[in-house]
Amino acid sequence: MELAPLQEEQPKEQYVDMLRRAGMRPTKQRLMLMDFIFQKGDRHFTVEELYAEVRADGTSMALATVYNTVNSFANHGLLSRISLDDQRTWFDTNKSDHHHFFVEGTHELIDIPKGDIKLSVFLVFPMVVNWWVWISLSA
Ligand SMILES: [Zn+2]
């Protein structure tokens with residue numbers, strides 16, 4: 001039996017494509033941040049969290065640059081913006097229509113698929129989380 005050759009993934013090309021389609025120039029800094037943002041699949045993050053990841057990786061980038069770039073991604077439709085209150089804004093790589101549970105203890109957002117809010121969710125989650133606030137992307 002012959003094994004098919006492994007397909008080499010080229011995430012960088014994919015990011016260049018995403019930026020172009022969003023009408024943004026693929027600059028080095030943008031591509032670098034996209035790698036941090038999109039390599040882990042669907043996720044939520046704050047600018048501060050992303051900045052901490054960038055720093056932990058040894059990449060030198062100013063907080064203002066991370067802030068401006070991420071907001072610019074959101075303005076161009078590459079990310080969704082989730083504001084819980086005036087002080088806290090999360091960014092979401094999952095742009096499909098869905099709801100969130102906010103876990104107070106860990107400041108984490110959990111995706112709840114649209115139309116999937118059933119009693120079972122309320123029975124399972126209390127074992128994991130103490131407090132949550134249900135927010136909708138459309139809020
Ligand atoms: Zn989400």
# chains A, B, ... in the order shown; residues from 1 in each chain; ligands from 1
$ residues_near_ligand --ligand "ligand 1" --cutoff "10 Å" --atoms "only C-alpha atoms and all ligand atoms" --output "ChimeraX atom specification"
/A:42-45,80-82,90-101,109-113,136-137
$ write_last_selection --atoms "C-alpha atoms" --output "PDB file, in the first residue's frame"
ATOM      1  CA  ASP A  42     -11.561  28.968  17.471  1.00  0.00           C
ATOM      2  CA  ARG A  43     -10.707  31.090  20.459  1.00  0.00           C
ATOM      3  CA  HIS A  44     -11.482  34.208  22.442  1.00  0.00           C
ATOM      4  CA  PHE A  45      -8.851  36.595  23.702  1.00  0.00           C
ATOM      5  CA  SER A  80     -15.672  39.452  16.041  1.00  0.00           C
ATOM      6  CA  ARG A  81     -15.608  41.907  18.915  1.00  0.00           C
ATOM      7  CA  ILE A  82     -17.371  41.007  22.146  1.00  0.00           C
ATOM      8  CA  TRP A  90     -12.796  40.106  23.815  1.00  0.00           C
ATOM      9  CA  PHE A  91     -12.048  39.142  20.251  1.00  0.00           C
ATOM     10  CA  ASP A  92     -13.434  35.976  18.715  1.00  0.00           C
ATOM     11  CA  THR A  93     -12.002  34.039  15.773  1.00  0.00           C
ATOM     12  CA  ASN A  94     -15.330  32.236  15.401  1.00  0.00           C
ATOM     13  CA  LYS A  95     -17.448  34.632  13.361  1.00  0.00           C
ATOM     14  CA  SER A  96     -20.485  32.375  13.082  1.00  0.00           C
ATOM     15  CA  ASP A  97     -23.630  33.432  14.897  1.00  0.00           C
ATOM     16  CA  HIS A  98     -23.356  32.041  18.422  1.00  0.00           C
ATOM     17  CA  HIS A  99     -23.835  32.831  22.085  1.00  0.00           C
ATOM     18  CA  HIS A 100     -21.369  32.938  24.961  1.00  0.00           C
ATOM     19  CA  PHE A 101     -21.192  31.967  28.551  1.00  0.00           C
ATOM     20  CA  LEU A 109     -15.836  32.896  27.308  1.00  0.00           C
ATOM     21  CA  ILE A 110     -17.398  29.624  26.240  1.00  0.00           C
ATOM     22  CA  ASP A 111     -19.130  29.241  22.881  1.00  0.00           C
ATOM     23  CA  ILE A 112     -22.742  28.119  22.824  1.00  0.00           C
ATOM     24  CA  PRO A 113     -23.970  27.317  19.299  1.00  0.00           C
ATOM     25  CA  SER A 136     -25.226  37.414  22.792  1.00  0.00           C
ATOM     26  CA  LEU A 137     -23.065  38.547  19.931  1.00  0.00           C
TER      27      LEU A 137
END
$ closest_residue --among "A:Val47, A:Val66, A:Ala56, A:Val103" --to "Gln87 (chain A)" --atoms "only C-alpha atoms"
A:Val47
$ residues_around --residues "Val16 (chain A)" --least-positions-apart "2" --cutoff "9 Å" --atoms "only C-alpha atoms" --output "NGL selection string"
:A and (11-14 or 18-21 or 25-27 or 31)
$ write_last_selection --atoms "N, CA and C atoms" --output "PDB file, in the first residue's frame"
ATOM      1  N   PRO A  11       0.284  27.942   6.508  1.00  0.00           N
ATOM      2  CA  PRO A  11      -0.598  28.916   7.145  1.00  0.00           C
ATOM      3  C   PRO A  11      -0.317  30.351   6.715  1.00  0.00           C
ATOM      4  N   LYS A  12       0.952  30.654   6.490  1.00  0.00           N
ATOM      5  CA  LYS A  12       1.307  32.022   6.110  1.00  0.00           C
ATOM      6  C   LYS A  12       0.575  32.453   4.839  1.00  0.00           C
ATOM      7  N   GLU A  13       0.540  31.544   3.856  1.00  0.00           N
ATOM      8  CA  GLU A  13      -0.161  31.827   2.602  1.00  0.00           C
ATOM      9  C   GLU A  13      -1.637  32.088   2.853  1.00  0.00           C
ATOM     10  N   GLN A  14      -2.167  31.280   3.753  1.00  0.00           N
ATOM     11  CA  GLN A  14      -3.576  31.404   4.100  1.00  0.00           C
ATOM     12  C   GLN A  14      -3.850  32.774   4.736  1.00  0.00           C
ATOM     13  N   MET A  18      -6.269  35.771   3.588  1.00  0.00           N
ATOM     14  CA  MET A  18      -7.312  36.322   4.461  1.00  0.00           C
ATOM     15  C   MET A  18      -7.215  37.852   4.523  1.00  0.00           C
ATOM     16  N   LEU A  19      -5.986  38.348   4.660  1.00  0.00           N
ATOM     17  CA  LEU A  19      -5.789  39.791   4.740  1.00  0.00           C
ATOM     18  C   LEU A  19      -6.200  40.468   3.443  1.00  0.00           C
ATOM     19  N   ARG A  20      -5.788  39.886   2.314  1.00  0.00           N
ATOM     20  CA  ARG A  20      -6.109  40.477   1.011  1.00  0.00           C
ATOM     21  C   ARG A  20      -7.613  40.528   0.809  1.00  0.00           C
ATOM     22  N   ARG A  21      -8.278  39.422   1.171  1.00  0.00           N
ATOM     23  CA  ARG A  21      -9.733  39.378   0.989  1.00  0.00           C
ATOM     24  C   ARG A  21     -10.445  40.380   1.884  1.00  0.00           C
ATOM     25  N   ARG A  25      -3.399  45.133   3.641  1.00  0.00           N
ATOM     26  CA  ARG A  25      -2.084  44.755   3.130  1.00  0.00           C
ATOM     27  C   ARG A  25      -1.445  43.751   4.079  1.00  0.00           C
ATOM     28  N   PRO A  26      -0.860  42.672   3.533  1.00  0.00           N
ATOM     29  CA  PRO A  26      -0.224  41.672   4.410  1.00  0.00           C
ATOM     30  C   PRO A  26       1.145  42.133   4.898  1.00  0.00           C
ATOM     31  N   THR A  27       1.170  42.963   5.920  1.00  0.00           N
ATOM     32  CA  THR A  27       2.450  43.409   6.479  1.00  0.00           C
ATOM     33  C   THR A  27       3.005  42.333   7.400  1.00  0.00           C
ATOM     34  N   LEU A  31       0.857  39.640   9.758  1.00  0.00           N
ATOM     35  CA  LEU A  31       0.996  38.196   9.556  1.00  0.00           C
ATOM     36  C   LEU A  31       1.471  37.507  10.824  1.00  0.00           C
TER      37      LEU A  31
END
$ atom_distance --atom1 "CA of Leu84 (chain A)" --atom2 "CA of Phe102 (chain A)"
8.8 Å
$ closest_residue --among "A:Thr46, A:Thr65, A:Thr106, A:Asn75" --to "Met32 (chain A)" --atoms "only C-alpha atoms"
A:Thr65
$ select_by_dssp --residues "region 11-119 of chain A" --states "helix (DSSP H, G or I)" --output "number ranges by chain"
A: 11-21, 28-38, 47-56, 63-75, 119
$ atom_distance --atom1 "CA of Val70 (chain A)" --atom2 "CA of Arg30 (chain A)"
8.7 Å
$ closest_residue --among "A:His76, A:Glu104, A:Leu33, A:Glu48" --to "Thr89 (chain A)" --atoms "only C-alpha atoms"
A:Glu48
$ atom_distance --atom1 "CA of Leu78 (chain A)" --atom2 "CA of Gly105 (chain A)"
28.4 Å
$ select_by_dssp --residues "region 25-117 of chain A" --states "strand (DSSP E)" --output "list in words"
His44, Phe45, Ser80, Arg81, Ile82, Ser83, Thr89, Trp90, Phe91, Asp92, His98, His99, His100, Phe101, Phe102, Val103, Glu108, Leu109, Ile110, Asp111, Ile112 and Pro113 of chain A
$ write_last_selection --atoms "C-alpha atoms" --output "PDB file, in the first residue's frame"
ATOM      1  CA  HIS A  44     -11.482  34.208  22.442  1.00  0.00           C
ATOM      2  CA  PHE A  45      -8.851  36.595  23.702  1.00  0.00           C
ATOM      3  CA  SER A  80     -15.672  39.452  16.041  1.00  0.00           C
ATOM      4  CA  ARG A  81     -15.608  41.907  18.915  1.00  0.00           C
ATOM      5  CA  ILE A  82     -17.371  41.007  22.146  1.00  0.00           C
ATOM      6  CA  SER A  83     -17.857  43.710  24.751  1.00  0.00           C
ATOM      7  CA  THR A  89     -13.459  43.558  25.175  1.00  0.00           C
ATOM      8  CA  TRP A  90     -12.796  40.106  23.815  1.00  0.00           C
ATOM      9  CA  PHE A  91     -12.048  39.142  20.251  1.00  0.00           C
ATOM     10  CA  ASP A  92     -13.434  35.976  18.715  1.00  0.00           C
ATOM     11  CA  HIS A  98     -23.356  32.041  18.422  1.00  0.00           C
ATOM     12  CA  HIS A  99     -23.835  32.831  22.085  1.00  0.00           C
ATOM     13  CA  HIS A 100     -21.369  32.938  24.961  1.00  0.00           C
ATOM     14  CA  PHE A 101     -21.192  31.967  28.551  1.00  0.00           C
ATOM     15  CA  PHE A 102     -18.860  34.159  30.551  1.00  0.00           C
ATOM     16  CA  VAL A 103     -17.106  32.352  33.380  1.00  0.00           C
ATOM     17  CA  GLU A 108     -13.254  32.884  30.069  1.00  0.00           C
ATOM     18  CA  LEU A 109     -15.836  32.896  27.308  1.00  0.00           C
ATOM     19  CA  ILE A 110     -17.398  29.624  26.240  1.00  0.00           C
ATOM     20  CA  ASP A 111     -19.130  29.241  22.881  1.00  0.00           C
ATOM     21  CA  ILE A 112     -22.742  28.119  22.824  1.00  0.00           C
ATOM     22  CA  PRO A 113     -23.970  27.317  19.299  1.00  0.00           C
TER      23      PRO A 113
END
$ closest_residue --among "A:Ala74, A:Phe36, A:Gln29, A:Met24" --to "Met61 (chain A)" --atoms "only C-alpha atoms"
A:Gln29
